[in-house]
Every structure is written in C-alpha cells, then in structure tokens.
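**Student:** Have a peek at work_17.txt (compact mmCIF, C-alpha atoms and all ligand atoms).
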# COMPACT_ATOMS: atom_id res chain seq x y z
CA MET T 1 -11.35 12.24 11.98
CA PRO T 2 -10.53 9.66 9.33
CA VAL T 3 -12.89 9.00 6.43
CA ASP T 4 -12.84 5.76 4.38
CA LEU T 5 -14.65 6.34 1.08
CA HIS T 6 -14.50 2.84 -0.43
CA VAL T 7 -16.24 0.03 1.46
CA HIS T 8 -18.10 -3.14 0.39
CA THR T 9 -20.79 -5.13 2.25
CA THR T 10 -22.85 -8.27 1.65
CA ALA T 11 -25.05 -6.16 -0.63
CA SER T 12 -22.33 -6.96 -3.20
CA ASP T 13 -19.17 -9.01 -2.70
CA GLY T 14 -18.13 -7.89 0.78
CA GLN T 15 -17.94 -10.54 3.48
CA HIS T 16 -19.71 -8.60 6.26
CA SER T 17 -23.23 -7.22 6.60
CA PRO T 18 -23.72 -3.46 6.62
CA ALA T 19 -24.28 -3.57 10.40
CA VAL T 20 -21.00 -5.42 11.03
CA VAL T 21 -19.13 -3.02 8.75
CA VAL T 22 -20.54 -0.03 10.65
CA ALA T 23 -19.52 -1.56 13.99
CA ARG T 24 -15.98 -2.09 12.67
CA ALA T 25 -15.82 1.45 11.34
CA ARG T 26 -16.56 2.67 14.83
CA GLN T 27 -13.93 0.32 16.33
CA GLN T 28 -11.36 1.69 13.88
CA GLY T 29 -12.20 5.23 14.97
CA LEU T 30 -13.55 6.28 11.58
CA SER T 31 -15.90 9.27 11.62
CA THR T 32 -17.35 8.49 8.19
CA ILE T 33 -17.53 5.69 5.65
CA ALA T 34 -19.05 5.58 2.18
CA ILE T 35 -20.82 2.33 1.33
CA THR T 36 -19.76 1.70 -2.28
CA ASP T 37 -21.08 -1.71 -3.28
CA HIS T 38 -20.73 -2.91 -6.87
CA ASP T 39 -23.74 -1.82 -8.95
CA THR T 40 -26.15 -1.69 -6.01
CA THR T 41 -27.29 0.66 -3.27
CA ASP T 42 -29.01 -2.10 -1.29
CA GLY T 43 -26.62 -1.93 1.71
CA ILE T 44 -26.97 1.78 2.39
CA ALA T 45 -30.24 1.92 4.34
CA ALA T 46 -29.15 -0.94 6.61
CA ALA T 47 -25.81 0.78 7.29
CA GLN T 48 -27.51 4.09 8.12
CA GLU T 49 -29.97 2.33 10.38
CA ALA T 50 -27.22 0.39 12.16
CA ALA T 51 -25.32 3.64 12.75
CA ALA T 52 -28.43 5.31 14.15
CA VAL T 53 -29.54 2.52 16.50
CA SER T 54 -26.19 1.14 17.71
CA PHE T 55 -24.46 4.30 18.93
CA PRO T 56 -25.29 7.42 20.93
CA PRO T 57 -25.79 10.52 18.74
CA PHE T 58 -22.24 11.89 18.92
CA GLU T 59 -20.59 8.53 18.33
CA GLN T 60 -22.46 7.50 15.21
CA PRO T 61 -20.30 6.96 12.15
CA ARG T 62 -21.64 9.00 9.26
CA ILE T 63 -22.70 6.90 6.24
CA ILE T 64 -22.30 8.46 2.79
CA PRO T 65 -24.55 6.90 0.12
CA GLY T 66 -22.25 5.63 -2.62
CA ILE T 67 -21.87 3.06 -5.37
CA GLU T 68 -19.10 1.52 -7.47
CA LEU T 69 -20.32 1.06 -11.04
CA SER T 70 -18.63 -1.57 -13.20
CA ALA T 71 -17.84 -0.34 -16.67
CA GLU T 72 -15.65 -1.70 -19.39
CA ASP T 73 -13.30 0.05 -21.75
CA SER T 74 -11.84 -1.39 -24.88
CA VAL T 75 -8.13 -0.93 -25.64
CA TYR T 76 -5.92 -2.20 -28.41
CA ASP T 77 -3.54 -4.91 -27.20
CA PRO T 78 -0.47 -4.86 -29.46
CA ILE T 79 0.64 -8.32 -28.31
CA LYS T 80 -2.68 -10.00 -29.06
CA GLY T 81 -3.19 -7.75 -32.08
CA ARG T 82 -6.81 -6.97 -31.15
CA GLU T 83 -9.10 -4.93 -28.91
CA THR T 84 -9.46 -6.27 -25.35
CA GLY T 85 -11.77 -5.28 -22.53
CA ILE T 86 -10.42 -3.53 -19.41
CA ASP T 87 -12.52 -3.27 -16.24
CA VAL T 88 -13.11 0.33 -15.22
CA HIS T 89 -14.85 1.09 -11.91
CA VAL T 90 -16.49 4.46 -11.31
CA LEU T 91 -17.44 5.49 -7.78
CA GLY T 92 -20.48 7.67 -7.10
CA TYR T 93 -20.91 9.75 -3.93
CA PHE T 94 -23.93 11.49 -2.38
CA ILE T 95 -26.17 9.74 -4.89
CA LEU T 96 -29.96 10.02 -4.59
CA LEU T 97 -31.24 6.45 -4.33
CA ASP T 98 -34.66 7.29 -5.72
CA ALA T 99 -33.52 9.39 -8.70
CA PRO T 100 -35.79 8.65 -11.70
CA GLY T 101 -34.71 5.51 -13.57
CA PHE T 102 -31.68 4.88 -11.36
CA GLN T 103 -32.92 1.76 -9.55
CA ASP T 104 -34.24 0.36 -12.86
CA ALA T 105 -30.77 0.65 -14.35
CA LEU T 106 -29.30 -1.10 -11.29
CA ALA T 107 -31.91 -3.89 -11.51
CA ASN T 108 -30.74 -4.57 -15.08
CA PHE T 109 -27.13 -4.80 -13.90
CA LYS T 110 -28.17 -7.28 -11.22
CA ASP T 111 -29.93 -9.55 -13.75
CA ASP T 112 -26.87 -9.39 -15.93
CA ARG T 113 -24.63 -10.44 -13.01
CA LEU T 114 -26.77 -13.56 -12.44
CA THR T 115 -26.60 -14.64 -16.09
CA ARG T 116 -22.88 -14.00 -16.17
CA ALA T 117 -22.18 -15.92 -12.94
CA GLN T 118 -24.06 -18.91 -14.38
CA ALA T 119 -21.95 -18.70 -17.53
CA ILE T 120 -18.78 -18.66 -15.40
CA LEU T 121 -19.98 -21.80 -13.57
CA LEU T 122 -20.49 -23.49 -16.92
CA LYS T 123 -16.91 -22.69 -17.89
CA LEU T 124 -15.64 -23.99 -14.56
CA ALA T 125 -17.61 -27.22 -14.99
CA ARG T 126 -16.01 -27.69 -18.41
CA LEU T 127 -12.63 -27.18 -16.73
CA GLY T 128 -13.50 -30.06 -14.38
CA MET T 129 -14.60 -27.92 -11.42
CA PRO T 130 -18.37 -28.17 -11.07
CA LEU T 131 -19.90 -25.92 -8.41
CA GLU T 132 -23.42 -25.83 -6.98
CA TRP T 133 -25.30 -22.72 -8.18
CA GLU T 134 -27.34 -22.75 -4.95
CA ARG T 135 -24.14 -22.61 -2.91
CA VAL T 136 -22.86 -19.57 -4.82
CA LEU T 137 -26.18 -17.82 -4.13
CA GLU T 138 -25.90 -18.73 -0.45
CA ILE T 139 -22.40 -17.25 -0.25
CA ALA T 140 -23.71 -14.10 -1.93
CA GLN T 141 -26.37 -13.83 0.82
CA GLY T 142 -28.86 -12.18 -1.51
CA GLY T 143 -26.33 -9.57 -2.67
CA ALA T 144 -25.30 -8.74 -6.24
CA VAL T 145 -23.35 -11.84 -7.33
CA GLY T 146 -19.71 -11.26 -8.25
CA ARG T 147 -16.56 -13.20 -8.98
CA PRO T 148 -15.41 -13.13 -5.33
CA HIS T 149 -18.46 -15.24 -4.39
CA ILE T 150 -17.53 -17.82 -7.01
CA ALA T 151 -13.93 -17.66 -5.81
CA ARG T 152 -15.07 -18.49 -2.27
CA ALA T 153 -17.11 -21.44 -3.57
CA LEU T 154 -13.98 -22.68 -5.39
CA VAL T 155 -11.98 -22.47 -2.15
CA GLU T 156 -14.73 -24.31 -0.24
CA ALA T 157 -14.83 -27.10 -2.84
CA GLY T 158 -11.06 -27.51 -2.49
CA TYR T 159 -10.24 -26.59 -6.11
CA VAL T 160 -8.02 -23.66 -5.08
CA GLU T 161 -6.10 -22.49 -1.99
CA SER T 162 -7.54 -19.01 -1.57
CA VAL T 163 -9.62 -16.28 -3.21
CA PRO T 164 -6.55 -14.60 -4.77
CA ASP T 165 -5.46 -18.03 -6.04
CA ALA T 166 -8.91 -18.52 -7.65
CA PHE T 167 -8.52 -15.18 -9.45
CA ASP T 168 -4.95 -15.86 -10.57
CA ARG T 169 -5.75 -19.28 -11.96
CA TYR T 170 -9.29 -18.96 -13.33
CA LEU T 171 -11.35 -15.82 -12.69
CA ARG T 172 -9.03 -12.90 -13.52
CA THR T 173 -10.07 -10.76 -16.47
CA GLY T 174 -9.17 -12.79 -19.54
CA GLY T 175 -8.60 -15.92 -17.40
CA PRO T 176 -9.82 -19.41 -18.40
CA ALA T 177 -13.19 -19.02 -16.61
CA TYR T 178 -13.70 -15.30 -17.20
CA ILE T 179 -16.87 -13.87 -18.72
CA ALA T 180 -17.32 -10.14 -19.23
CA ARG T 181 -20.41 -8.32 -18.03
CA ALA T 182 -22.74 -6.42 -20.36
CA ARG T 183 -20.91 -3.32 -21.41
CA LEU T 184 -21.40 0.02 -19.73
CA SER T 185 -18.82 2.49 -21.02
CA PRO T 186 -16.81 4.58 -18.53
CA GLU T 187 -18.52 7.68 -19.96
CA GLY T 188 -21.92 6.00 -19.43
CA ALA T 189 -21.03 5.25 -15.82
CA VAL T 190 -20.08 8.89 -15.10
CA ASP T 191 -23.32 9.97 -16.72
CA LEU T 192 -25.48 7.55 -14.74
CA ILE T 193 -23.95 8.80 -11.47
CA HIS T 194 -24.63 12.41 -12.44
CA HIS T 195 -28.23 11.50 -13.31
CA ALA T 196 -28.52 10.07 -9.80
CA GLY T 197 -27.33 13.42 -8.41
CA GLY T 198 -23.93 12.12 -7.34
CA ALA T 199 -20.28 13.05 -7.85
CA ALA T 200 -18.31 10.64 -10.08
CA VAL T 201 -14.80 9.46 -9.17
CA LEU T 202 -12.52 7.13 -11.13
CA ALA T 203 -11.73 4.17 -8.82
CA HIS T 204 -8.23 2.68 -8.36
CA PRO T 205 -6.60 4.02 -11.55
CA GLY T 206 -3.57 1.86 -10.70
CA TYR T 207 -5.51 -1.13 -12.05
CA ILE T 208 -6.12 0.61 -15.39
CA PRO T 209 -3.11 0.51 -17.74
CA HIS T 210 -4.28 3.51 -19.80
CA TYR T 211 -5.61 5.62 -16.91
CA SER T 212 -4.02 8.92 -18.06
CA GLU T 213 -5.72 8.71 -21.44
CA LEU T 214 -9.00 7.58 -19.85
CA ILE T 215 -9.03 10.49 -17.38
CA ALA T 216 -8.41 12.89 -20.28
CA ARG T 217 -11.49 11.44 -21.98
CA LEU T 218 -13.66 11.59 -18.85
CA ILE T 219 -12.88 15.21 -17.93
CA PRO T 220 -15.06 16.65 -20.72
CA VAL T 221 -17.89 14.31 -19.60
CA GLY T 222 -17.63 15.87 -16.12
CA LEU T 223 -15.52 13.47 -14.05
CA ASP T 224 -15.37 14.98 -10.57
CA GLY T 225 -12.48 13.19 -8.90
CA VAL T 226 -9.89 10.43 -8.84
CA GLU T 227 -9.22 7.87 -6.14
CA ILE T 228 -5.57 8.54 -5.36
CA ARG T 229 -5.21 6.90 -1.94
CA HIS T 230 -5.97 3.24 -2.64
CA PRO T 231 -3.98 0.03 -2.08
CA GLY T 232 -3.88 -0.59 -5.85
CA ASN T 233 -2.02 2.66 -6.65
CA ASN T 234 1.76 2.53 -6.25
CA GLU T 235 3.93 5.60 -5.45
CA HIS T 236 4.52 6.36 -9.09
CA VAL T 237 0.81 6.20 -9.97
CA ARG T 238 -0.06 8.38 -6.98
CA ALA T 239 2.44 11.08 -7.92
CA ASN T 240 1.20 11.04 -11.49
CA LEU T 241 -2.46 11.22 -10.38
CA LYS T 242 -1.73 14.13 -8.04
CA ALA T 243 -0.28 16.10 -10.93
CA ILE T 244 -3.28 15.29 -13.17
CA ALA T 245 -5.76 16.15 -10.39
CA SER T 246 -4.23 19.52 -9.63
CA ARG T 247 -3.95 20.42 -13.32
CA HIS T 248 -7.64 19.66 -13.96
CA SER T 249 -9.14 20.54 -10.56
CA LEU T 250 -10.22 16.97 -9.87
CA ILE T 251 -11.04 16.04 -6.27
CA GLU T 252 -8.54 13.68 -4.62
CA THR T 253 -10.32 10.85 -2.78
CA GLY T 254 -9.22 7.78 -0.86
CA GLY T 255 -10.46 4.54 0.62
CA SER T 256 -9.42 1.03 1.58
CA ASP T 257 -11.71 -0.95 -0.78
CA TYR T 258 -12.49 -3.09 2.26
CA HIS T 259 -14.17 -6.43 1.41
CA GLY T 260 -13.48 -8.45 4.60
CA GLU T 261 -10.63 -10.82 5.40
CA ALA T 262 -12.07 -13.83 3.51
CA VAL T 263 -12.08 -11.82 0.27
CA LYS T 264 -9.04 -9.53 0.56
CA PRO T 265 -6.91 -10.91 3.42
CA ASP T 266 -4.52 -7.96 3.76
CA ILE T 267 -6.95 -5.03 3.53
CA ARG T 268 -8.13 -3.54 6.81
CA LEU T 269 -11.10 -1.14 7.03
CA GLY T 270 -9.73 2.40 7.33
CA SER T 271 -6.23 1.49 6.12
CA PHE T 272 -6.63 4.10 3.35
CA THR T 273 -8.51 7.33 3.97
CA ALA T 274 -9.47 10.50 2.14
CA PRO T 275 -7.67 13.84 2.58
CA GLU T 276 -9.18 16.59 4.72
CA GLY T 277 -11.92 18.47 2.85
CA THR T 278 -12.76 15.67 0.40
CA LEU T 279 -16.30 15.15 1.67
CA GLU T 280 -17.19 18.82 1.40
CA ALA T 281 -15.72 19.02 -2.11
CA LEU T 282 -17.66 15.92 -3.26
CA GLN T 283 -20.88 17.18 -1.74
CA ALA T 284 -20.51 20.56 -3.45
CA ARG T 285 -19.98 18.86 -6.81
CA ALA T 286 -22.93 16.49 -6.24
CA GLU T 287 -25.21 19.44 -5.55
CA GLN T 288 -24.51 20.77 -9.04
CA TYR T 289 -26.12 17.65 -10.49
CA ARG T 290 -29.29 17.87 -8.41
CA PRO T 291 -32.51 19.00 -10.02
CA ALA T 292 -33.17 22.64 -8.98
P1 LIG I 301 -16.92 -8.68 -10.57
O1 LIG I 301 -17.66 -7.51 -10.04
O2 LIG I 301 -17.69 -9.94 -10.50
O3 LIG I 301 -16.29 -8.43 -11.92
O4 LIG I 301 -15.68 -8.91 -9.56
C1 LIG I 301 -14.77 -7.85 -9.38
C2 LIG I 301 -14.28 -7.88 -7.96
O5 LIG I 301 -13.45 -9.02 -7.76
C3 LIG I 301 -13.34 -6.72 -7.64
O6 LIG I 301 -14.03 -5.57 -7.27
C4 LIG I 301 -12.58 -7.28 -6.48
O7 LIG I 301 -13.36 -7.19 -5.32
C5 LIG I 301 -12.44 -8.73 -6.82
N1 LIG I 301 -11.14 -9.06 -7.43
C6 LIG I 301 -10.72 -8.76 -8.67
N2 LIG I 301 -9.49 -9.27 -8.89
C7 LIG I 301 -9.13 -9.91 -7.75
C8 LIG I 301 -7.97 -10.65 -7.34
N3 LIG I 301 -6.93 -10.84 -8.17
N4 LIG I 301 -7.96 -11.18 -6.09
C9 LIG I 301 -9.02 -11.01 -5.27
N5 LIG I 301 -10.12 -10.30 -5.59
C10 LIG I 301 -10.19 -9.77 -6.81
ZN ZN I 302 -15.60 -6.10 -4.90
FE FE I 303 -13.24 -1.76 -7.81
FE FE I 304 -14.30 -1.76 -4.65
Turn this file's structure into structure tokens for me.
Ligand code: AMP
Ligand code: ZN
Ligand code: FE
Ligand code: FE
**Tutor:**
Amino acid sequence: MPVDLHVHTTASDGQHSPAVVVARARQQGLSTIAITDHDTTDGIAAAQEAAAVSFPPFEQPRIIPGIELSAEDSVYDPIKGRETGIDVHVLGYFILLDAPGFQDALANFKDDRLTRAQAILLKLARLGMPLEWERVLEIAQGGAVGRPHIARALVEAGYVESVPDAFDRYLRTGGPAYIARARLSPEGAVDLIHHAGGAAVLAHPGYIPHYSELIARLIPVGLDGVEIRHPGNNEHVRANLKAIASRHSLIETGGSDYHGEAVKPDIRLGSFTAPEGTLEALQARAEQYRPA
C-alpha cells in the first residue's frame, strides 16, 4: 500500500489541519503518511488521534512521527562574487518527541520564525505593501509561521495573484522581501535528528544546486537517506541520486510535499510515494540512534 513520507499540516505552513490531512490520506488509499512539518512536531499527536478515532482498526492510516528541519548552507556564487545562503531541508523520521532538549531546540526555532516574519512584513511595508501582523497569525492558525502564510496574506490583500506569484516577485530566497532564518547548518540538522532518535534524510535535493557535494559532506556525519521521489527532482536529478544512494547505501525515500491546494495548487497528497521497504529501512536506522 502506498506510503507518502512528506506531508505538511497547519502545525506549520500546510493549509489543512492534521485531522483533515488524515481523512484525505485515507481517501487517497494511503496506508501510511509521515507528518513532516517545518521545525515542529505539534501536528503529530492530533494526526495520530484522528487516525485512531475516525477509522476502524484495520482502516487506520499509520502516522509516522517526522519533521522537516530548515537549515542553511553557504555557497560561493561566482556571479555575485560572494557567499550566498541556500536553503537546505533535512527530514527526520521515527523521531522521539520527548528526547532530551529536542522540544527546547524547536521552541527556539519557532521564536526565530516569528521575529523573521515580522522583519519580512517590515520589508513589504517599505515596498508599499503593508500587511496586518494579526492577519498573518490568523492564517498561520497557531502553527509555526512561514513564508507561505505571508504569501497568502499578500494574495488576500490583492498585491499578488497567487502564492507562487508572491514567491516569484517578493518572497523567494534572495527576493526583495526575503529574510533568512537563524542559521542551522545541514550537519547540525542531521545531528539534531539523530539526537531525537530519528533517521535523517536530505529533502528535495533537486532544489539544492550543489546537492552532490552536500551529500558527500553529510555521509560522514551519518546521513541516512535521500528523498529521490519528489516533485522538485527532475529525471536527471533522480538518476544521479539513485547512483549516489546505491554507492553509499543511503535509503531512497519519497513523498509529495503536500501543503494543500491554496499553497501548492498542483500537488496532490500521495502523488509521490516511497519505494517498498523504505519504512522498515528508516526504522532500523532510527533504532541505532536510540539510547540503549
Ligand atoms: P519558510 O519555511 O518560511 O522559509 O518557507 C519555506 C516554504 O515555502 C517551503 O517549504 C515551501 O512550502 C514554500 N515555498 C518555497 N518556495 C516556494 C514557491 N516558489 N512557491 C510556493 N511555495 C514556496
Ligand atoms: Zn512548507
Ligand atoms: Fe522543504
Ligand atoms: Fe516540505
């Protein structure tokens, strides 16, 4: 049965609550989903509860506790002639939510997201597009605030046509209203996931120009897998990743990166899934990081 290992909810920048996402997973015939919100595990308990109360025992989608940590890498840009930041996302699977220090680290990330979102609003106001801070918080529904929430507020205020338009014109990395988050290195993200007893997987390498070099750096740190089946990886990237994964015994994973239609209009839940055996492989790796 199909398994979608990359799913967002209202705990971060997904459009739908954990309960709605679980109901849709069932409708799509998925046996398992991993909830992988940005820098938070707040949606996981609600998803597990929804699965348990909404369906009879043999029809419950299985919910894997996951996370997608935002890190940043610095690469030299020969055109600009200086170092520039590149977003790197690291997925964690089978994490232990109450691992010592883990939730404290996540609470710091959440604070940082609030400060950063306010700084982005300041930039937008200077560009002639004031937004209400309260409205952005409402759109975020108590979840970890991210650029997609601001993008939706921009659409609502009539400044842009759509969320992708908001990113293209203002919010994209390096765009006129972009502000970076506090830096967590890719190595630090892998480490934090291992400390939480989870397996660490490099998300959507197709978005990372220097992914081959980055993977080579993360293997000695203990990277467990790479997300090969993802809408952001083209055929060429996938073939390349498959070769890297088999050479270094990395687990091949897959998921849709579902955010809901208002955020990513063409991504359907379950449209990308993991190969057979992925869950077992991830779980076995995660167990190596658990305290004895
Ligand atoms: P943040 O966590 O605030 O840096 O926002 C990153 C999130 O914004 C990504 O995980 C995507 O969900 C979304 N995103 C990034 N680029 C785009 C884009 N061009 N169009 C729509 N959504 C995007
Ligand atoms: Zn997102
Ligand atoms: Fe991502
Ligand atoms: Fe994602």
**Student:** Between T:Gln15, T:Ser212, T:Thr36, T:Ser31, which one has atoms that come closest to ligand FE 304 (chain I), using only C-alpha atoms and all ligand atoms?
**Tutor:**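 The shortest atom-to-atom distance to ligand FE 304 (chain I) comes from T:Thr36.
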**Student:** So, counting only C-alpha atoms and all ligand atoms, which residue among T:Asp104, T:Glu83, T:Asp257, T:Asp42 is closest to ligand ZN 302 (chain I)?
**Tutor:**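 For ligand ZN 302 (chain I), the nearest of the given residues is T:Asp257.
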**Student:** Find the residues near ligand FE 303 (chain I). Use a cut-off of 8 Å, count all atoms listed in the file, and write them as a PyMOL selection string.
**Tutor:** chain T and resi 38+68+70+88-90+203-204+257
**Student:** Give me, please, the distance in Å between atom CA of His6 of chain T and atom CA of Val53 of chain T, quoted to one decimal.
**Tutor:**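 Here the two named atoms are 22.6 Å from each other.
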**Student:** Show me, as a list in words, the residues that have an atom within 10 Å of Leu279 of chain T when counting all atoms listed in the file, minus same-chain residues fewer than 6 positions from it.
**Tutor:**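 Contacts, with the query itself left out: Val3, Leu5, Thr32, Ala34, Ile64, Tyr93, Phe94, Ile251, Thr253 and Arg285 of chain T.
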**Student:** If you measure from atom CA of Pro100 of chain T to atom CA of Pro291 of chain T, what distance in Å do you get, rounded to one decimal?
**Tutor:** 11.0 Å
**Student:** Of the residues T:Glu156, T:Asp112, T:Asp77, T:Asp4, which is the one nearest to Phe272 of chain T, using all atoms listed in the file?
**Tutor:**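 The shortest atom-to-atom distance to Phe272 of chain T comes from T:Asp4.
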**Student:** To one decimal in Å, tell me the separation between atom CA of Pro231 of chain T and atom CA of His210 of chain T.
**Tutor:**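 Pair atom CA of Pro231 of chain T / atom CA of His210 of chain T returns 18.1 Å.
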**Student:** Listing only residues of chain T within 7 Å of ligand LIG 301 (chain I), what is the closest atom pair and its distance in Å (to one decimal) for each, using all atoms listed in the file, sorted by chain and residue number ascending, as JSON lines?
**Tutor:**
{"residue": "T:Asp13", "atom": "CA", "partner": "I:LIG301", "partner_atom": "O7", "distance": 6.6}
{"residue": "T:His38", "atom": "CA", "partner": "I:LIG301", "partner_atom": "O1", "distance": 6.4}
{"residue": "T:Ser70", "atom": "CA", "partner": "I:LIG301", "partner_atom": "O1", "distance": 6.8}
{"residue": "T:Val145", "atom": "CA", "partner": "I:LIG301", "partner_atom": "O2", "distance": 6.8}
{"residue": "T:Gly146", "atom": "CA", "partner": "I:LIG301", "partner_atom": "O2", "distance": 3.3}
{"residue": "T:Arg147", "atom": "CA", "partner": "I:LIG301", "partner_atom": "O2", "distance": 3.8}
{"residue": "T:Pro148", "atom": "CA", "partner": "I:LIG301", "partner_atom": "O5", "distance": 5.2}
{"residue": "T:Val163", "atom": "CA", "partner": "I:LIG301", "partner_atom": "C9", "distance": 5.7}
{"residue": "T:Pro164", "atom": "CA", "partner": "I:LIG301", "partner_atom": "N4", "distance": 3.9}
{"residue": "T:Phe167", "atom": "CA", "partner": "I:LIG301", "partner_atom": "N3", "distance": 4.8}
{"residue": "T:Asp168", "atom": "CA", "partner": "I:LIG301", "partner_atom": "N3", "distance": 5.9}
{"residue": "T:Arg172", "atom": "CA", "partner": "I:LIG301", "partner_atom": "N2", "distance": 5.9}
{"residue": "T:His259", "atom": "CA", "partner": "I:LIG301", "partner_atom": "O7", "distance": 6.8}
{"residue": "T:Val263", "atom": "CA", "partner": "I:LIG301", "partner_atom": "N5", "distance": 6.4}
{"residue": "T:Lys264", "atom": "CA", "partner": "I:LIG301", "partner_atom": "C9", "distance": 6.0}
**Student:** Just the residues within 9 Å of Val21 of chain T, please, counting only C-alpha atoms, with nothing from its chain fewer than 2 positions along; format it as a CSV table (one decimal) with C-alpha atoms, in the frame of the given file.
**Tutor:**
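To be explicit, this is the file written out as result.csv:
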chain,number,residue,atom,x,y,z
T,7,VAL,CA,-16.2,0.0,1.5
T,8,HIS,CA,-18.1,-3.1,0.4
T,9,THR,CA,-20.8,-5.1,2.2
T,16,HIS,CA,-19.7,-8.6,6.3
T,17,SER,CA,-23.2,-7.2,6.6
T,18,PRO,CA,-23.7,-3.5,6.6
T,19,ALA,CA,-24.3,-3.6,10.4
T,23,ALA,CA,-19.5,-1.6,14.0
T,24,ARG,CA,-16.0,-2.1,12.7
T,25,ALA,CA,-15.8,1.4,11.3
T,26,ARG,CA,-16.6,2.7,14.8
T,47,ALA,CA,-25.8,0.8,7.3
T,260,GLY,CA,-13.5,-8.4,4.6
T,269,LEU,CA,-11.1,-1.1,7.0
**Student:** Restricting the calculation to all atoms listed in the file: of T:Glu276, T:Glu235, T:Asp98, T:Asp224, which residue gets closest to His248 of chain T?
**Tutor:**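 The closest residue to His248 of chain T is T:Asp224.
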**Student:** Would you pick out the contacts of Pro130 of chain T at 10 Å or less, using only C-alpha atoms, so that residues sharing its chain but fewer than 3 positions from it are not included, and give the list as a list of chain:residue names?
**Tutor:** T:Leu121, T:Leu122, T:Lys123, T:Leu124, T:Ala125, T:Arg126, T:Leu127, T:Trp133, T:Leu154, T:Ala157, T:Tyr159
**Student:** Pick the closest to ligand FE 304 (chain I) from T:Ile267, T:Ala286, T:Ala166, T:Leu192: which is it, counting only C-alpha atoms and all ligand atoms?
**Tutor:** T:Ile267
